[in-house]
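Listing of my_file_31.cif; format and content: mmCIF, C-alpha atoms and all ligand atoms.
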data_model
#
loop_
_atom_site.label_atom_id
_atom_site.label_comp_id
_atom_site.auth_asym_id
_atom_site.auth_seq_id
_atom_site.Cartn_x
_atom_site.Cartn_y
_atom_site.Cartn_z
CA MET A 1 8.90 59.06 12.44
CA LYS A 2 12.22 58.17 10.85
CA LEU A 3 12.41 58.00 7.06
CA PHE A 4 14.43 55.25 5.39
CA LEU A 5 14.91 54.85 1.65
CA ASP A 6 13.86 51.44 0.27
CA THR A 7 16.46 51.00 -2.48
CA ALA A 8 19.94 49.69 -3.30
CA ASP A 9 20.51 52.45 -5.89
CA ILE A 10 23.41 54.58 -4.61
CA ARG A 11 22.42 57.53 -6.85
CA GLU A 12 18.97 57.67 -5.28
CA ILE A 13 20.51 57.34 -1.82
CA ARG A 14 23.01 60.17 -2.46
CA GLU A 15 20.27 62.42 -3.81
CA ALA A 16 17.88 61.80 -0.88
CA ASN A 17 20.73 62.16 1.60
CA SER A 18 21.59 65.56 0.14
CA TRP A 19 18.11 66.77 1.19
CA GLY A 20 19.10 66.25 4.83
CA ILE A 21 16.12 64.09 5.82
CA LEU A 22 17.40 60.54 5.36
CA ASP A 23 17.63 58.40 8.51
CA GLY A 24 18.59 55.05 6.98
CA VAL A 25 18.25 52.61 4.07
CA THR A 26 16.62 49.21 3.57
CA THR A 27 17.56 46.80 0.81
CA ASN A 28 16.24 43.38 -0.14
CA PRO A 29 17.39 40.73 -2.67
CA SER A 30 15.00 42.07 -5.36
CA LEU A 31 16.32 45.63 -5.00
CA VAL A 32 19.95 44.41 -5.02
CA ALA A 33 19.31 42.32 -8.18
CA ARG A 34 18.04 45.46 -9.96
CA GLU A 35 21.45 47.15 -9.54
CA GLY A 36 23.54 44.37 -11.16
CA ARG A 37 26.44 45.04 -8.77
CA ASP A 38 28.48 43.09 -6.23
CA PHE A 39 26.29 42.92 -3.09
CA HIS A 40 28.97 43.68 -0.50
CA GLU A 41 30.52 46.43 -2.60
CA ALA A 42 27.09 48.09 -2.99
CA LEU A 43 26.55 47.84 0.78
CA ARG A 44 29.96 49.39 1.48
CA ASP A 45 29.05 52.37 -0.72
CA ILE A 46 25.68 52.78 0.97
CA CYS A 47 27.16 52.53 4.48
CA ALA A 48 29.80 55.12 3.61
CA GLU A 49 27.10 57.53 2.37
CA VAL A 50 24.50 57.18 5.15
CA GLN A 51 25.35 57.00 8.84
CA GLY A 52 21.98 55.56 9.93
CA PRO A 53 20.93 51.90 9.90
CA ILE A 54 21.37 50.04 6.58
CA SER A 55 19.38 46.79 6.27
CA ALA A 56 20.97 43.93 4.33
CA GLU A 57 19.11 40.65 3.90
CA VAL A 58 20.30 37.08 4.31
CA VAL A 59 19.17 34.47 1.77
CA GLY A 60 19.82 31.22 3.67
CA LEU A 61 16.86 29.17 4.86
CA GLU A 62 18.50 27.33 7.80
CA ALA A 63 19.37 29.13 11.04
CA GLU A 64 23.01 28.10 10.85
CA GLY A 65 23.45 29.59 7.37
CA MET A 66 21.54 32.76 8.29
CA ILE A 67 23.76 33.24 11.35
CA ALA A 68 26.94 32.86 9.28
CA GLU A 69 25.63 35.24 6.60
CA GLY A 70 24.47 37.71 9.25
CA ARG A 71 27.90 37.77 10.90
CA GLY A 72 29.51 38.38 7.51
CA LEU A 73 27.14 41.23 6.66
CA ALA A 74 27.59 42.82 10.09
CA LYS A 75 31.36 42.97 9.49
CA ILE A 76 30.87 45.27 6.46
CA ALA A 77 30.14 48.31 8.62
CA ASP A 78 28.95 49.26 12.11
CA ASN A 79 25.63 50.55 10.77
CA ILE A 80 24.58 47.30 9.08
CA VAL A 81 21.30 45.83 10.29
CA VAL A 82 20.81 42.20 9.29
CA LYS A 83 17.46 41.49 7.68
CA ILE A 84 16.02 38.05 8.44
CA PRO A 85 12.74 36.61 7.14
CA MET A 86 9.92 35.71 9.51
CA VAL A 87 10.26 31.91 9.50
CA LYS A 88 11.01 29.40 12.28
CA GLU A 89 14.70 29.15 11.36
CA GLY A 90 14.77 32.94 11.18
CA LEU A 91 13.62 33.24 14.80
CA LYS A 92 16.52 31.03 15.91
CA ALA A 93 18.94 33.21 13.93
CA ILE A 94 17.43 36.41 15.38
CA ARG A 95 17.92 35.11 18.92
CA ALA A 96 21.54 34.07 18.24
CA LEU A 97 22.64 37.17 16.33
CA SER A 98 20.90 39.68 18.60
CA ALA A 99 22.63 38.00 21.59
CA GLU A 100 25.93 38.87 19.84
CA GLY A 101 24.84 42.52 19.62
CA ILE A 102 23.96 42.41 15.90
CA ARG A 103 20.81 44.40 15.16
CA ILE A 104 18.08 42.53 13.28
CA ASN A 105 15.26 43.72 11.04
CA THR A 106 12.66 40.96 10.70
CA THR A 107 11.20 41.07 7.21
CA LEU A 108 8.08 39.68 5.53
CA ILE A 109 5.84 40.38 8.54
CA PHE A 110 2.15 40.03 7.66
CA SER A 111 0.50 39.52 11.08
CA SER A 112 0.73 40.78 14.67
CA PRO A 113 1.62 37.36 16.12
CA GLN A 114 4.59 37.22 13.75
CA ALA A 115 5.68 40.67 14.96
CA LEU A 116 5.28 39.59 18.60
CA LEU A 117 7.48 36.53 18.07
CA ALA A 118 10.18 38.54 16.29
CA ALA A 119 10.22 41.14 19.08
CA LYS A 120 10.45 38.40 21.73
CA ALA A 121 13.35 36.79 19.85
CA GLY A 122 15.25 40.09 20.17
CA ALA A 123 14.72 41.87 16.82
CA ALA A 124 15.53 45.58 16.77
CA TYR A 125 12.98 46.19 13.97
CA VAL A 126 9.94 44.42 12.53
CA SER A 127 8.86 45.20 8.98
CA PRO A 128 5.13 44.85 8.27
CA PHE A 129 4.55 44.85 4.48
CA VAL A 130 1.66 47.30 4.24
CA GLY A 131 1.33 47.55 0.44
CA ARG A 132 1.44 43.80 -0.18
CA LEU A 133 -1.43 43.33 2.30
CA ASP A 134 -3.43 46.07 0.55
CA ASP A 135 -2.72 44.25 -2.74
CA ILE A 136 -4.66 41.20 -1.53
CA GLY A 137 -7.61 43.17 -0.17
CA HIS A 138 -6.52 43.65 3.47
CA ASP A 139 -6.02 46.93 5.32
CA GLY A 140 -2.22 46.82 5.65
CA MET A 141 -2.09 49.83 7.96
CA GLN A 142 -4.42 48.12 10.44
CA LEU A 143 -1.53 45.75 11.10
CA VAL A 144 0.74 48.67 12.03
CA ARG A 145 -1.93 50.02 14.43
CA GLU A 146 -2.36 46.61 16.06
CA MET A 147 1.40 46.12 16.41
CA ARG A 148 1.77 49.59 17.98
CA GLU A 149 -0.86 48.73 20.59
CA ILE A 150 0.74 45.36 21.42
CA PHE A 151 4.30 46.71 21.63
CA ASP A 152 3.14 49.63 23.80
CA ASN A 153 1.19 47.30 26.12
CA TYR A 154 4.38 45.47 27.01
CA GLY A 155 7.01 48.16 26.51
CA PHE A 156 8.77 46.32 23.67
CA ARG A 157 11.67 48.41 22.41
CA CYS A 158 11.54 46.75 18.98
CA GLU A 159 10.82 49.42 16.34
CA ILE A 160 7.94 49.15 13.88
CA LEU A 161 9.29 49.78 10.39
CA ALA A 162 6.39 50.23 7.95
CA ALA A 163 7.53 48.67 4.66
CA SER A 164 6.09 48.06 1.20
CA ILE A 165 4.99 51.71 1.14
CA ARG A 166 3.45 52.60 -2.20
CA HIS A 167 2.25 56.22 -2.01
CA PRO A 168 2.25 59.38 0.17
CA VAL A 169 -1.02 58.45 1.93
CA HIS A 170 0.73 55.33 3.26
CA VAL A 171 3.42 57.58 4.74
CA VAL A 172 0.88 59.82 6.47
CA GLU A 173 -1.09 56.84 7.75
CA ALA A 174 2.07 55.14 9.04
CA ALA A 175 2.96 58.31 10.97
CA ARG A 176 -0.60 58.53 12.38
CA ALA A 177 -0.45 54.87 13.40
CA GLY A 178 2.75 55.52 15.36
CA ALA A 179 5.21 53.58 13.18
CA ASP A 180 8.76 54.30 14.34
CA VAL A 181 10.07 54.22 10.76
CA ALA A 182 8.68 54.19 7.23
CA THR A 183 10.88 52.83 4.46
CA ILE A 184 9.97 54.48 1.20
CA PRO A 185 10.87 54.04 -2.49
CA PHE A 186 12.65 57.09 -3.96
CA LYS A 187 9.69 58.08 -6.18
CA VAL A 188 7.35 58.15 -3.17
CA LEU A 189 9.87 60.14 -1.10
CA GLU A 190 10.16 62.66 -3.93
CA SER A 191 6.38 62.91 -4.24
CA LEU A 192 6.16 63.89 -0.54
CA LEU A 193 7.88 67.14 -1.49
CA ASN A 194 5.45 68.27 -4.12
CA HIS A 195 2.30 70.32 -3.92
CA PRO A 196 0.84 72.28 -6.87
CA LEU A 197 -0.04 75.22 -4.59
CA THR A 198 3.62 75.45 -3.54
CA ASP A 199 4.67 75.73 -7.22
CA ILE A 200 1.94 78.28 -8.02
CA GLY A 201 2.73 80.28 -4.88
CA LEU A 202 6.46 80.34 -5.63
CA GLN A 203 5.86 81.50 -9.22
CA LYS A 204 3.67 84.34 -7.94
CA PHE A 205 6.21 85.44 -5.32
CA LEU A 206 8.98 85.53 -7.95
CA LYS A 207 6.76 87.42 -10.42
CA ASP A 208 5.81 90.00 -7.77
CA TRP A 209 9.50 90.32 -6.76
CA GLU A 210 10.19 91.61 -10.27
CA LYS A 211 7.99 94.61 -9.38
CA VAL A 212 10.35 95.62 -6.55
CA PRO A 213 12.79 98.21 -7.99
CA ARG A 214 16.34 96.78 -8.33
CA ALA A 215 17.78 99.49 -6.05
CA ALA A 216 15.29 98.53 -3.32
CA ARG A 217 16.07 94.78 -3.32
CA LYS A 218 19.20 94.61 -1.15
CA GLY A 219 18.10 96.60 1.87
O1 LIG B 1 11.96 46.16 1.36
C1 LIG B 1 10.78 45.53 1.72
C2 LIG B 1 9.52 46.15 1.14
O2 LIG B 1 9.53 47.53 1.35
C3 LIG B 1 9.23 45.74 -0.27
O3 LIG B 1 8.21 46.52 -0.86
O4 LIG B 1 7.01 47.26 -2.88
O5 LIG B 1 8.31 45.10 -2.95
O6 LIG B 1 6.17 45.27 -1.66
P1 LIG B 1 7.39 46.01 -2.15
#
Can I see the file as C-alpha cells?
Ligand code: G3P
Amino acid sequence: MKLFLDTADIREIREANSWGILDGVTTNPSLVAREGRDFHEALRDICAEVQGPISAEVVGLEAEGMIAEGRGLAKIADNIVVKIPMVKEGLKAIRALSAEGIRINTTLIFSSPQALLAAKAGAAYVSPFVGRLDDIGHDGMQLVREMREIFDNYGFRCEILAASIRHPVHVVEAARAGADVATIPFKVLESLLNHPLTDIGLQKFLKDWEKVPRAARKG
C-alpha cells in the first residue's frame, strides 16, 4: 500500500520525505487555507520536494470551470493529480480531463456507486472518506472493502485511496482491505513509527552496550 501525506504543510512533507517512505501528497481547500500561502506557489514547492502524485483540488461547481481549473493545475508540474468532487458536473470534468491525459482523484466519495461512476468516468483514484463515515456512525472501512471487491470484479485500474484517516488502526485496516493508497495526516504517520517496547528495548541495548569494554567495541 502506498502512503501519501494528507497536508499542504511543506515542513511536514519535507520531514516525512526524509524518512524515505513517502509516495505522494494530497491537499484539499481546507488544508491549503491552514497554510495562508499562495496556492500555486505552495503546490510548486510540494511538487519539487516529492516526485510522486500530488493532488490539488478544484473549487468550481460547473464542469466548464472545473476543466479550466484542472488544466491550469496540471500545468504546474507533471506529478499534479487534479482532485474533483463527486458531483454530476464533476463526472463530466473527469471524463474530459482524463481524456486529455490528466490524472484525476475523485474526492468526497461516501458510497460504492459513487466510486463506480468515478472509475467509469476515467478517474485514476477514488477517495473514500473513511473517518467522516465513522463520525456519523457508519463503518467507513466497509466502503473500502466493498469498493475493492467491485473494482476487482471488473478489473478497474482506478486506485482506491483511503482518505480521512484518523488513527493507526485505520491505516492497518485500509491495508487489510486492499486499499491501493492511504493518505494520512502527519501526526498519524508519525504515530505509526512508535511502540513503547521499541523504546524500552533500545534503552536496554544501549545500557548493556556500556558493559562492553571500550577496547572490544570496534572489532
Ligand atoms: O483530504 C481529504 C481527507 O483526507 C480529509 O480528511 O480528516 O478532513 O475528514 P478529514
task = Can you work out the spacing between CA of Val169 in chain A and CA of Thr183 in chain A in Å, to one decimal?
result =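 Going from CA of Val169 in chain A over to CA of Thr183 in chain A, I get 13.4 Å.
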Distance cut-off 9 Å, centre (5.9, 52.7, 13.3) in file coordinates, counting all atoms listed in the file: which residues qualify? Return them as a short mmCIF file (atom, residue, chain, number, x, y, z; two decimals) with C-alpha atoms, in the coordinates of the input.
data_model
loop_
_atom_site.label_atom_id
_atom_site.label_comp_id
_atom_site.auth_asym_id
_atom_site.auth_seq_id
_atom_site.Cartn_x
_atom_site.Cartn_y
_atom_site.Cartn_z
CA MET A 1 8.90 59.06 12.44
CA LYS A 2 12.22 58.17 10.85
CA VAL A 144 0.74 48.67 12.03
CA ARG A 145 -1.93 50.02 14.43
CA MET A 147 1.40 46.12 16.41
CA ARG A 148 1.77 49.59 17.98
CA GLU A 159 10.82 49.42 16.34
CA ILE A 160 7.94 49.15 13.88
CA LEU A 161 9.29 49.78 10.39
CA ALA A 162 6.39 50.23 7.95
CA ALA A 174 2.07 55.14 9.04
CA ALA A 175 2.96 58.31 10.97
CA ARG A 176 -0.60 58.53 12.38
CA ALA A 177 -0.45 54.87 13.40
CA GLY A 178 2.75 55.52 15.36
CA ALA A 179 5.21 53.58 13.18
CA ASP A 180 8.76 54.30 14.34
CA VAL A 181 10.07 54.22 10.76
CA ALA A 182 8.68 54.19 7.23
#
task = Please provide the set of residues having any atom within 12 Å of range 11-16 of chain A, restricted to all atoms listed in the file, with same-chain residues fewer than 5 positions apart removed, written as a VMD selection string.
result = chain A and resid 3 to 6 21 to 27 35 42 to 43 45 to 52 54 184 to 190 192 to 193
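Taking all atoms listed in the file, the non-local environment of Glu69 in chain A within 8 Å (same-chain residues fewer than 3 positions away omitted) comprises Val58, Gly60, Gly65, Met66, Gly72 and Leu73 of chain A.
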task = Go ahead and compute the interatomic distance for CA of Asp135 in chain A and CA of Val59 in chain A, in Å to one decimal.
result = 24.4 Å
note = What separates CA of Ala93 in chain A and CA of Ala124 in chain A is a distance of 13.1 Å
